[in-house]
$ cat upload.txt   # compact mmCIF, C-alpha atoms
# COMPACT_ATOMS: atom_id res chain seq x y z
CA MET M 1 109.25 23.24 146.46
CA LYS M 2 106.46 22.50 148.89
CA LYS M 3 105.33 18.91 148.95
CA LYS M 4 101.88 17.49 148.45
CA THR M 5 99.98 16.93 151.67
CA ASN M 6 97.56 14.22 152.66
CA THR M 7 94.93 16.91 153.17
CA PRO M 8 93.43 17.81 149.77
CA LEU M 9 92.57 21.36 148.84
CA THR M 10 88.83 21.72 149.37
CA ASP M 11 86.42 23.21 146.85
CA GLU M 12 86.08 26.19 149.20
CA GLU M 13 89.85 26.72 149.26
CA ILE M 14 90.06 26.47 145.46
CA LYS M 15 87.19 28.94 145.11
CA ASP M 16 88.95 31.35 147.45
CA ILE M 17 92.16 31.11 145.38
CA ILE M 18 90.30 31.77 142.13
CA ASP M 19 88.19 34.60 143.58
CA PHE M 20 91.26 36.29 145.04
CA TYR M 21 93.08 36.12 141.72
CA TYR M 22 90.18 37.57 139.72
CA SER M 23 89.72 40.32 142.23
CA PHE M 24 93.39 41.26 142.34
CA LYS M 25 93.91 41.21 138.56
CA GLU M 26 91.37 44.06 138.28
CA GLU M 27 93.65 46.40 140.24
CA GLU M 28 93.94 49.62 138.24
CA VAL M 29 97.72 49.80 138.44
CA LEU M 30 98.04 46.40 136.76
CA HIS M 31 95.99 47.53 133.78
CA ARG M 32 98.72 50.07 132.98
CA LEU M 33 100.80 47.05 131.93
CA LEU M 34 98.54 46.49 128.92
CA LYS M 35 100.46 49.22 127.09
CA ASN M 36 103.83 47.46 127.39
CA LYS M 37 104.92 45.07 124.67
CA GLN M 38 106.61 41.99 126.12
CA HIS M 39 108.58 39.05 124.72
CA ARG M 40 107.87 39.83 121.05
CA THR M 41 104.34 38.44 120.95
CA SER M 42 102.71 39.51 124.20
CA ASN M 43 102.11 42.44 126.54
CA THR M 44 103.17 42.72 130.16
CA TYR M 45 99.68 42.39 131.63
CA ARG M 46 98.98 39.24 129.64
CA HIS M 47 102.40 37.89 130.65
CA VAL M 48 101.92 38.34 134.40
CA CYS M 49 98.39 36.89 134.19
CA LEU M 50 99.65 33.77 132.39
CA VAL M 51 102.50 33.34 134.89
CA CYS M 52 100.10 33.72 137.81
CA GLU M 53 97.51 31.33 136.37
CA GLU M 54 100.06 28.63 135.58
CA CYS M 55 101.47 28.90 139.11
CA MET M 56 97.97 28.58 140.59
CA TYR M 57 97.03 25.65 138.39
CA TYR M 58 100.33 23.88 139.10
CA GLY M 59 99.69 24.02 142.83
CA ILE M 60 96.00 23.16 142.69
CA ARG M 61 96.47 20.15 140.41
CA ARG M 62 99.23 18.77 142.60
CA ASN M 63 97.45 19.57 145.87
CA ILE M 64 100.30 21.78 147.11
CA HIS M 65 99.44 24.09 149.98
CA TYR M 66 101.19 27.28 148.94
CA ASP M 67 100.48 30.68 150.45
CA TYR M 68 98.26 31.36 147.44
CA HIS M 69 97.38 34.97 148.25
CA SER M 70 101.06 35.90 148.44
CA LEU M 71 101.79 33.77 145.36
CA ILE M 72 99.12 35.58 143.36
CA ARG M 73 100.14 39.06 144.44
CA GLY M 74 103.82 38.38 143.87
CA ALA M 75 103.27 36.81 140.46
CA MET M 76 101.04 39.66 139.29
CA LEU M 77 103.52 42.29 140.51
CA HIS M 78 106.79 40.67 139.44
CA ASP M 79 107.04 42.79 136.27
CA LEU M 80 105.48 46.01 137.54
CA PHE M 81 107.49 48.38 135.34
CA PHE M 82 105.84 50.94 133.08
CA TYR M 83 108.02 51.15 130.00
CA ASP M 84 108.86 49.20 126.85
CA TRP M 85 112.55 48.50 127.30
CA ARG M 86 113.01 47.93 123.55
CA VAL M 87 112.29 51.57 122.73
CA ASP M 88 112.94 53.31 126.05
CA LYS M 89 116.65 54.20 125.83
CA GLU M 90 116.78 55.38 129.44
CA ASN M 91 115.61 52.05 130.84
CA ARG M 92 116.89 49.68 128.17
CA LYS M 93 120.42 49.46 129.54
CA GLY M 94 120.61 46.83 132.25
CA HIS M 95 116.87 46.08 132.07
CA ALA M 96 117.29 42.32 132.65
CA PHE M 97 119.31 42.96 135.83
CA GLU M 98 117.50 46.00 137.16
CA HIS M 99 113.80 45.57 136.41
CA PRO M 100 113.11 43.26 139.40
CA GLN M 101 114.21 46.06 141.74
CA ARG M 102 112.24 48.61 139.71
CA ALA M 103 109.15 46.40 139.91
CA LEU M 104 109.68 45.97 143.66
CA ASP M 105 110.03 49.72 144.21
CA ASN M 106 106.86 50.34 142.18
CA ALA M 107 104.93 47.64 144.03
CA LYS M 108 105.90 49.13 147.39
CA GLN M 109 104.35 52.43 146.34
CA TYR M 110 100.95 50.75 145.97
CA TYR M 111 101.01 47.81 148.39
CA SER M 112 102.32 46.71 151.75
CA LEU M 113 104.31 43.61 150.78
CA ASN M 114 105.06 40.60 152.94
CA PRO M 115 108.43 38.75 152.77
CA THR M 116 107.10 36.10 150.37
CA GLU M 117 105.88 38.72 147.91
CA VAL M 118 109.19 40.59 148.11
CA ASP M 119 111.05 37.32 147.49
CA ILE M 120 108.94 36.58 144.39
CA ILE M 121 109.41 40.00 142.82
CA LYS M 122 113.06 40.51 143.71
CA CYS M 123 114.32 37.03 142.77
CA HIS M 124 112.31 35.98 139.72
CA MET M 125 115.21 36.65 137.31
CA TRP M 126 117.64 34.14 138.82
CA PRO M 127 120.16 32.99 137.50
CA ILE M 128 120.66 36.26 135.57
CA ASN M 129 120.70 37.93 138.97
CA PHE M 130 122.91 35.17 140.34
CA PHE M 131 122.94 36.15 143.99
CA GLN M 132 119.17 36.50 144.27
CA TYR M 133 117.93 32.92 144.38
CA PRO M 134 114.38 32.73 145.79
CA LYS M 135 114.18 31.66 149.42
CA THR M 136 110.50 30.70 149.39
CA PRO M 137 108.74 27.87 147.53
CA GLU M 138 106.37 30.46 146.07
CA GLY M 139 109.34 32.46 144.78
CA ARG M 140 110.94 29.41 143.21
CA LEU M 141 107.70 28.43 141.51
CA VAL M 142 107.23 31.89 139.97
CA MET M 143 110.88 31.92 138.89
CA TRP M 144 110.51 28.69 136.88
CA ILE M 145 107.02 29.37 135.52
CA ASP M 146 108.09 32.86 134.42
CA LYS M 147 110.83 31.30 132.29
CA LYS M 148 108.45 28.74 130.83
CA VAL M 149 105.88 31.37 129.82
CA THR M 150 108.61 33.66 128.46
CA ILE M 151 109.93 30.91 126.18
CA GLN M 152 106.40 30.17 124.96
CA GLU M 153 105.80 33.85 124.17
CA VAL M 154 109.14 34.44 122.46
CA PHE M 155 108.76 31.45 120.17
CA ALA M 156 104.98 31.67 119.70
CA ARG M 157 103.71 31.21 116.17
CA LYS M 158 101.00 33.47 114.90
CA LYS M 159 97.54 31.91 114.98
CA ARG M 160 95.08 32.88 112.29
CA THR M 161 92.15 30.43 112.47
CA LEU M 162 89.88 30.16 115.50
CA PHE M 163 87.59 27.14 115.96
CA PHE M 164 84.70 27.78 118.36
CA ASP M 165 82.40 25.39 120.18
CA LEU M 166 78.78 26.64 120.14
CA ASP M 167 76.78 25.67 123.27
CA GLY M 168 78.25 27.36 126.33
CA THR M 169 80.91 29.18 124.29
CA LEU M 170 79.18 31.34 121.67
CA LEU M 171 75.56 31.00 122.79
CA ASP M 172 73.74 30.27 126.03
CA THR M 173 71.41 27.56 124.70
CA LEU M 174 70.76 25.90 128.03
CA ASP M 175 67.17 27.02 128.61
CA ASP M 176 65.97 25.89 125.18
CA LEU M 177 67.72 22.53 125.66
CA LYS M 178 66.08 22.20 129.07
CA GLU M 179 62.62 22.97 127.68
CA ALA M 180 63.01 20.48 124.84
CA THR M 181 64.32 17.76 127.14
CA ASN M 182 61.53 18.19 129.66
CA TYR M 183 58.92 18.30 126.90
CA ALA M 184 60.12 14.89 125.72
CA LEU M 185 60.26 13.52 129.28
CA ARG M 186 56.75 14.81 130.07
CA THR M 187 55.39 12.96 127.06
CA PHE M 188 56.11 9.70 128.87
CA GLY M 189 55.37 10.94 132.38
CA TYR M 190 59.04 10.89 133.43
CA PRO M 191 60.41 13.30 136.06
CA GLU M 192 61.66 16.58 134.63
CA ARG M 193 65.28 17.68 134.92
CA THR M 194 66.63 20.87 136.47
CA ARG M 195 68.68 23.47 134.66
CA GLU M 196 71.78 22.37 136.58
CA GLU M 197 71.25 18.75 135.59
CA ILE M 198 70.85 19.63 131.93
CA LYS M 199 74.00 21.76 132.11
CA ASN M 200 75.96 18.72 133.26
CA PHE M 201 74.35 16.44 130.66
CA ILE M 202 75.30 18.41 127.55
CA GLY M 203 78.56 18.35 125.63
CA ASN M 204 78.44 15.05 123.75
CA GLY M 205 75.44 15.62 121.46
CA VAL M 206 71.69 15.18 121.83
CA SER M 207 71.76 11.37 121.94
CA LYS M 208 73.90 11.49 125.07
CA LEU M 209 71.76 14.27 126.52
CA ILE M 210 68.61 12.14 126.34
CA GLU M 211 70.50 9.05 127.48
CA ARG M 212 71.53 10.90 130.63
CA ALA M 213 68.15 12.54 131.18
CA ILE M 214 65.78 9.58 130.71
CA PRO M 215 65.39 7.00 133.51
CA ASN M 216 67.64 3.96 132.90
CA GLY M 217 69.27 5.59 129.87
CA LEU M 218 69.67 3.36 126.82
CA ASP M 219 67.87 0.52 128.62
CA ASN M 220 64.65 2.54 128.67
CA GLU M 221 62.25 1.09 126.10
CA ASN M 222 61.12 4.60 125.14
CA TYR M 223 64.62 6.00 124.62
CA ASN M 224 64.52 6.17 120.79
CA GLN M 225 61.03 7.65 120.72
CA CYS M 226 61.93 10.17 123.42
CA LEU M 227 65.00 11.19 121.42
CA GLU M 228 62.92 11.75 118.28
CA ILE M 229 60.38 13.84 120.18
CA PHE M 230 63.21 15.93 121.58
CA ARG M 231 64.73 16.44 118.14
CA LYS M 232 61.46 17.53 116.56
CA TYR M 233 60.58 19.90 119.40
CA TYR M 234 64.06 21.40 119.62
CA SER M 235 64.36 21.94 115.87
CA GLU M 236 61.20 24.07 116.07
CA HIS M 237 62.06 25.86 119.35
CA CYS M 238 65.87 26.09 119.36
CA ASP M 239 65.98 29.90 119.44
CA VAL M 240 63.21 30.86 121.84
CA LEU M 241 65.27 31.37 124.99
CA THR M 242 68.75 31.12 123.50
CA LYS M 243 70.90 34.25 123.70
CA PRO M 244 74.44 35.35 122.84
CA TYR M 245 76.87 35.83 125.69
CA PRO M 246 77.42 39.51 126.54
CA MET M 247 80.05 41.20 124.35
CA MET M 248 80.58 38.05 122.28
CA LYS M 249 79.47 39.59 118.99
CA LYS M 250 81.72 42.61 119.50
CA THR M 251 84.62 40.30 120.39
CA LEU M 252 84.11 38.18 117.27
CA THR M 253 83.81 41.29 115.10
CA THR M 254 87.09 42.62 116.50
CA LEU M 255 88.88 39.32 115.88
CA LYS M 256 87.57 39.13 112.33
CA ALA M 257 88.57 42.74 111.68
CA LYS M 258 92.09 41.87 112.84
CA GLY M 259 92.32 39.21 110.15
CA TYR M 260 91.34 36.07 112.01
CA THR M 261 89.24 33.42 110.28
CA LEU M 262 86.41 32.10 112.45
CA ALA M 263 84.74 28.67 112.30
CA VAL M 264 82.30 26.69 114.44
CA ILE M 265 82.78 23.01 115.34
CA THR M 266 79.96 21.65 117.50
CA ASN M 267 78.16 18.44 118.44
CA LYS M 268 74.85 20.23 117.88
CA VAL M 269 72.88 18.98 114.86
CA ASP M 270 74.37 20.59 111.78
CA SER M 271 71.20 22.26 110.47
CA ILE M 272 70.40 23.78 113.87
CA ALA M 273 73.96 25.00 114.37
CA LYS M 274 73.85 26.80 111.02
CA LYS M 275 70.41 28.26 111.81
CA LEU M 276 71.60 29.69 115.15
CA ILE M 277 74.83 31.11 113.77
CA ASP M 278 72.96 32.75 110.88
CA LYS M 279 70.56 34.34 113.33
CA TYR M 280 72.94 35.55 116.04
CA TYR M 281 76.29 35.96 114.26
CA PRO M 282 75.58 36.54 110.56
CA ASN M 283 78.57 36.97 108.23
CA LEU M 284 81.14 36.35 110.96
CA PHE M 285 81.95 32.67 110.48
CA SER M 286 83.58 31.20 107.39
CA PHE M 287 82.59 27.62 108.21
CA VAL M 288 80.02 25.98 110.50
CA GLN M 289 80.27 22.26 111.12
CA GLY M 290 77.73 20.48 113.27
CA ASP M 291 76.84 16.84 113.88
CA VAL M 292 76.47 14.86 110.64
CA PRO M 293 76.35 11.08 110.09
CA PHE M 294 79.71 10.82 108.32
CA LEU M 295 81.80 12.42 111.11
CA LYS M 296 82.38 11.19 114.65
CA LYS M 297 81.31 13.56 117.39
CA LYS M 298 83.76 15.39 119.62
CA PRO M 299 85.98 14.52 121.45
CA SER M 300 87.01 12.64 118.32
CA LYS M 301 89.34 14.75 116.20
CA GLU M 302 87.37 13.96 113.01
CA MET M 303 85.33 17.18 112.94
CA VAL M 304 88.39 19.35 113.55
CA GLU M 305 90.44 17.53 110.92
CA TYR M 306 87.59 17.72 108.40
CA VAL M 307 87.12 21.46 108.87
CA ARG M 308 90.84 22.17 108.99
CA LYS M 309 91.43 20.39 105.68
CA LYS M 310 88.40 22.04 104.08
CA MET M 311 89.77 25.42 105.13
CA LYS M 312 93.32 24.43 104.15
CA VAL M 313 94.89 25.58 107.40
CA ALA M 314 97.82 24.02 109.29
CA LYS M 315 97.44 22.82 112.89
CA ARG M 316 100.00 25.33 114.13
CA LYS M 317 97.77 28.16 112.86
CA CYS M 318 94.67 27.07 114.82
CA ILE M 319 93.22 27.57 118.28
CA TYR M 320 90.18 25.68 119.59
CA ILE M 321 87.91 27.57 122.01
CA GLY M 322 85.35 25.71 124.12
CA ASP M 323 83.85 25.41 127.58
CA THR M 324 84.01 21.74 128.63
CA ASP M 325 86.36 18.84 129.20
CA VAL M 326 85.01 17.43 125.91
CA ASP M 327 86.32 20.49 124.07
CA TYR M 328 89.69 20.28 125.77
CA LEU M 329 90.02 16.59 124.93
CA THR M 330 89.02 17.39 121.34
CA SER M 331 91.85 19.91 121.06
CA LYS M 332 94.33 17.42 122.51
CA ASN M 333 93.19 14.68 120.14
CA ALA M 334 93.55 17.09 117.22
CA ASN M 335 96.88 18.37 118.57
CA ILE M 336 95.97 22.05 118.46
CA GLU M 337 96.13 24.75 121.10
CA ALA M 338 93.09 25.25 123.33
CA ILE M 339 91.45 28.09 125.24
CA LEU M 340 88.66 27.24 127.68
CA VAL M 341 85.94 29.61 128.89
CA SER M 342 84.60 29.51 132.42
CA TYR M 343 81.39 31.43 131.72
CA GLY M 344 79.83 28.38 130.01
CA TYR M 345 78.64 25.05 131.30
CA ARG M 346 81.55 23.87 133.47
CA ASP M 347 82.79 25.36 136.73
CA LYS M 348 86.25 26.88 136.73
CA LYS M 349 87.41 24.66 139.58
CA ASP M 350 86.72 21.66 137.35
CA LEU M 351 88.49 23.17 134.33
CA ILE M 352 91.57 23.92 136.42
CA LYS M 353 91.89 20.25 137.32
CA LEU M 354 92.14 19.13 133.68
CA ASP M 355 95.41 17.51 132.69
CA GLY M 356 97.86 19.98 131.20
CA THR M 357 97.71 23.76 131.46
CA PRO M 358 94.89 25.18 129.32
CA ILE M 359 94.41 28.92 129.17
CA ILE M 360 91.11 29.75 130.88
CA ILE M 361 89.21 32.99 130.34
CA ASP M 362 86.18 34.31 132.20
CA TYR M 363 84.44 36.58 129.71
CA PRO M 364 84.51 36.92 125.92
CA GLN M 365 86.49 40.17 125.77
CA GLN M 366 89.49 38.39 127.29
CA LEU M 367 89.89 36.53 124.00
CA ILE M 368 91.09 39.75 122.40
CA ASP M 369 93.93 40.17 124.88
CA VAL M 370 94.87 36.49 124.98
CA ILE M 371 94.75 35.93 121.19
CA ILE M 372 95.76 39.28 119.75
CA GLY M 373 98.17 39.88 122.63
CA GLY M 374 100.02 36.77 121.53
CA ASN M 375 99.89 37.60 117.81
CA LYS M 376 101.19 41.14 117.43
$ encode --input "upload.txt" --output "structure tokens"
Amino acid sequence: MKKKTNTPLTDEEIKDIIDFYYSFKEEEVLHRLLKNKQHRTSNTYRHVCLVCEECMYYGIRRNIHYDYHSLIRGAMLHDLFFYDWRVDKENRKGHAFEHPQRALDNAKQYYSLNPTEVDIIKCHMWPINFFQYPKTPEGRLVMWIDKKVTIQEVFARKKRTLFFDLDGTLLDTLDDLKEATNYALRTFGYPERTREEIKNFIGNGVSKLIERAIPNGLDNENYNQCLEIFRKYYSEHCDVLTKPYPMMKKTLTTLKAKGYTLAVITNKVDSIAKKLIDKYYPNLFSFVQGDVPFLKKKPSKEMVEYVRKKMKVAKRKCIYIGDTDVDYLTSKNANIEAILVSYGYRDKKDLIKLDGTPIIIDYPQQLIDVIIGGNK
């Protein structure tokens, strides 16, 4: 395995890795893998994406300078076979031993492969293929991560309840939050905040938002009054510029039609959260829980535990979906699985660096493949 270096991966290098992955995963030939069932609860496309992402995140978090382009291509192509071996009698016999060579032959039809990519594809099934131990660090990483993901898929439990964050996950509320914040700041003649600043301030509730936005925070003598002005203005203007993320309603409708129960858990004031959900996603959510005095805000697990018990659902049946480090920490505190979205209010390069290996998606429709793909 390659060792960490004293030279950290730069933001530009991380961006290049991520951009290359998201470009390559759109290759048309890879989308043919969506039709193949894999490891009882998944499909082949979802499997290779998860393997690739975990390999990338492993290296980035540990500052390991892999050949990431070859790592990504090899990981995405390592199972490039176009059949379901469980029902395909012709290919079922010897599948475990032979599919690496079949995948390699298929990959060579579409791509010019370098030695590292060949090593990844050909040797990922070691020790089943005992004499094909990977020679490259990239090949060894894919070999081990492939086994980890396979075990997770084979023994995955079906999830049936989905808890969603609101701001940055279901709705783009940033512009209304910005307008309300700057209205309150203008009242006292304080400098206004940019959209980017507001984006970085939100996630812990409106009290923290104003604390971060107002000069000197809690030490400002006008903090409480500024907070009240914000609350009044925002309660009256919370849905002026707010909009659903593209394809989110269709995604939620599909999940609900497949039998999933949907709930919202947010640090937004409870009455406003309910108002927004009723307006933009009527009849889709079974429970909406916002900020109330008797529950601690996220990242405390109190909201999740309260909703889970009200809905009478076990932890193993739940997934929490959010867009920030606060959401991820909430899921860890509540001990439930998490999915993070990169289209919200945190950059993907920051989400990747979070402790652990959260699944990260880039647009709402991916939830269908990630969730339903793992619950067939």
$ residues_around --input "upload.txt" --residues "range 202-208 of chain M" --least-positions-apart "2" --cutoff "6 Å" --atoms "only C-alpha atoms" --output "PDB file with C-alpha atoms, in the coordinates of the input"
ATOM      1  CA  LYS M 199      74.000  21.760 132.110  1.00  0.00           C
ATOM      2  CA  ASN M 200      75.960  18.720 133.260  1.00  0.00           C
ATOM      3  CA  ILE M 210      68.610  12.140 126.340  1.00  0.00           C
ATOM      4  CA  GLU M 211      70.500   9.050 127.480  1.00  0.00           C
ATOM      5  CA  ASN M 267      78.160  18.440 118.440  1.00  0.00           C
ATOM      6  CA  LYS M 268      74.850  20.230 117.880  1.00  0.00           C
TER       7      LYS M 268
END
$ residues_around --input "upload.txt" --residues "Ala273 in chain M" --least-positions-apart "3" --cutoff "9 Å" --atoms "only C-alpha atoms" --output "list in words"
Leu166, Val264, Thr266, Asn267, Lys268, Val269, Asp270, Leu276, Ile277, Asp278, Val288, Gln289, Gly290 and Asp291 of chain M
$ residues_around --input "upload.txt" --residues "Phe81 in chain M" --least-positions-apart "4" --cutoff "12 Å" --atoms "all atoms listed in the file" --output "number ranges by chain"
M: 29-38, 43-45, 48, 76-77, 85, 88, 91-92, 95-96, 98-107, 121
$ residues_around --input "upload.txt" --residues "range 139-152 of chain M" --least-positions-apart "6" --cutoff "6 Å" --atoms "only C-alpha atoms" --output "number ranges by chain"
M: 51, 119-120, 124
$ closest_atom_pairs --input "upload.txt" --of "range 228-284 of chain M" --to "range 333-347 of chain M" --cutoff "12 Å" --atoms "all atoms listed in the file" --output "JSON lines"
{"residue": "M:Pro244", "atom": "CA", "partner": "M:Gly344", "partner_atom": "CA", "distance": 11.4}
{"residue": "M:Tyr245", "atom": "CA", "partner": "M:Tyr343", "partner_atom": "CA", "distance": 8.7}
{"residue": "M:Pro246", "atom": "CA", "partner": "M:Tyr343", "partner_atom": "CA", "distance": 10.4}
{"residue": "M:Met248", "atom": "CA", "partner": "M:Tyr343", "partner_atom": "CA", "distance": 11.6}
$ closest_atom_pairs --input "upload.txt" --of "range 99-212 of chain M" --to "range 302-318 of chain M" --cutoff "6 Å" --atoms "all atoms listed in the file" --output "JSON lines"
{"residue": "M:Lys159", "atom": "CA", "partner": "M:Lys317", "partner_atom": "CA", "distance": 4.3}
{"residue": "M:Arg160", "atom": "CA", "partner": "M:Lys317", "partner_atom": "CA", "distance": 5.5}
{"residue": "M:Thr161", "atom": "CA", "partner": "M:Cys318", "partner_atom": "CA", "distance": 4.8}
{"residue": "M:Leu162", "atom": "CA", "partner": "M:Cys318", "partner_atom": "CA", "distance": 5.7}
$ build_atoms --input "upload.txt" --residues "range 120-129 of chain M" --atoms "all heavy atoms" --output "compact mmCIF listing (two decimals), in the coordinates of the input"
# COMPACT_ATOMS: atom_id res chain seq x y z
N ILE M 120 109.40 36.89 145.76
CA ILE M 120 108.94 36.58 144.39
C ILE M 120 109.39 37.65 143.41
O ILE M 120 109.96 37.36 142.35
CB ILE M 120 107.41 36.43 144.36
CG1 ILE M 120 106.96 35.18 145.13
CG2 ILE M 120 106.90 36.37 142.91
CD1 ILE M 120 105.46 35.09 145.33
N ILE M 121 109.12 38.90 143.75
CA ILE M 121 109.41 40.00 142.82
C ILE M 121 110.91 40.19 142.64
O ILE M 121 111.41 40.31 141.51
CB ILE M 121 108.76 41.30 143.32
CG1 ILE M 121 107.24 41.14 143.43
CG2 ILE M 121 109.11 42.47 142.40
CD1 ILE M 121 106.55 42.26 144.18
N LYS M 122 111.64 40.18 143.73
CA LYS M 122 113.06 40.51 143.71
C LYS M 122 113.90 39.42 143.05
O LYS M 122 114.93 39.71 142.42
CB LYS M 122 113.55 40.73 145.14
CG LYS M 122 114.97 41.26 145.24
CD LYS M 122 115.31 41.56 146.69
CE LYS M 122 116.73 42.11 146.80
NZ LYS M 122 117.07 42.42 148.22
N CYS M 123 113.45 38.15 143.16
CA CYS M 123 114.32 37.03 142.77
C CYS M 123 113.86 36.27 141.53
O CYS M 123 114.42 35.22 141.21
CB CYS M 123 114.46 36.06 143.94
SG CYS M 123 115.16 36.80 145.43
N HIS M 124 112.86 36.79 140.82
CA HIS M 124 112.31 35.98 139.72
C HIS M 124 113.25 35.86 138.53
O HIS M 124 113.05 35.00 137.66
CB HIS M 124 110.95 36.54 139.27
CG HIS M 124 111.03 37.78 138.45
ND1 HIS M 124 111.07 39.05 138.99
CD2 HIS M 124 111.08 37.97 137.10
CE1 HIS M 124 111.13 39.95 138.05
NE2 HIS M 124 111.13 39.33 136.87
N MET M 125 114.31 36.69 138.46
CA MET M 125 115.21 36.65 137.31
C MET M 125 116.45 35.77 137.54
O MET M 125 117.35 35.76 136.70
CB MET M 125 115.65 38.06 136.93
CG MET M 125 114.59 38.86 136.19
SD MET M 125 114.05 38.10 134.64
CE MET M 125 115.51 38.31 133.62
N TRP M 126 116.52 35.06 138.65
CA TRP M 126 117.64 34.14 138.82
C TRP M 126 117.62 33.13 137.66
O TRP M 126 116.55 32.71 137.24
CB TRP M 126 117.49 33.38 140.15
CG TRP M 126 118.70 32.55 140.49
CD1 TRP M 126 119.79 32.94 141.19
CD2 TRP M 126 118.92 31.18 140.13
NE1 TRP M 126 120.69 31.91 141.29
CE2 TRP M 126 120.19 30.81 140.63
CE3 TRP M 126 118.20 30.23 139.41
CZ2 TRP M 126 120.73 29.54 140.46
CZ3 TRP M 126 118.74 28.97 139.23
CH2 TRP M 126 119.98 28.64 139.74
N PRO M 127 118.78 32.74 137.07
CA PRO M 127 120.16 32.99 137.50
C PRO M 127 120.81 34.22 136.88
O PRO M 127 121.99 34.43 137.08
CB PRO M 127 120.87 31.72 137.02
CG PRO M 127 120.16 31.38 135.75
CD PRO M 127 118.71 31.74 135.98
N ILE M 128 120.05 35.04 136.10
CA ILE M 128 120.66 36.26 135.57
C ILE M 128 121.14 37.14 136.72
O ILE M 128 122.25 37.66 136.71
CB ILE M 128 119.66 37.00 134.66
CG1 ILE M 128 119.43 36.20 133.37
CG2 ILE M 128 120.16 38.40 134.32
CD1 ILE M 128 118.42 36.80 132.44
N ASN M 129 120.28 37.29 137.73
CA ASN M 129 120.70 37.93 138.97
C ASN M 129 121.15 36.82 139.92
O ASN M 129 120.38 36.32 140.74
CB ASN M 129 119.55 38.73 139.58
CG ASN M 129 119.19 39.93 138.72
OD1 ASN M 129 119.94 40.30 137.84
ND2 ASN M 129 118.05 40.54 138.99
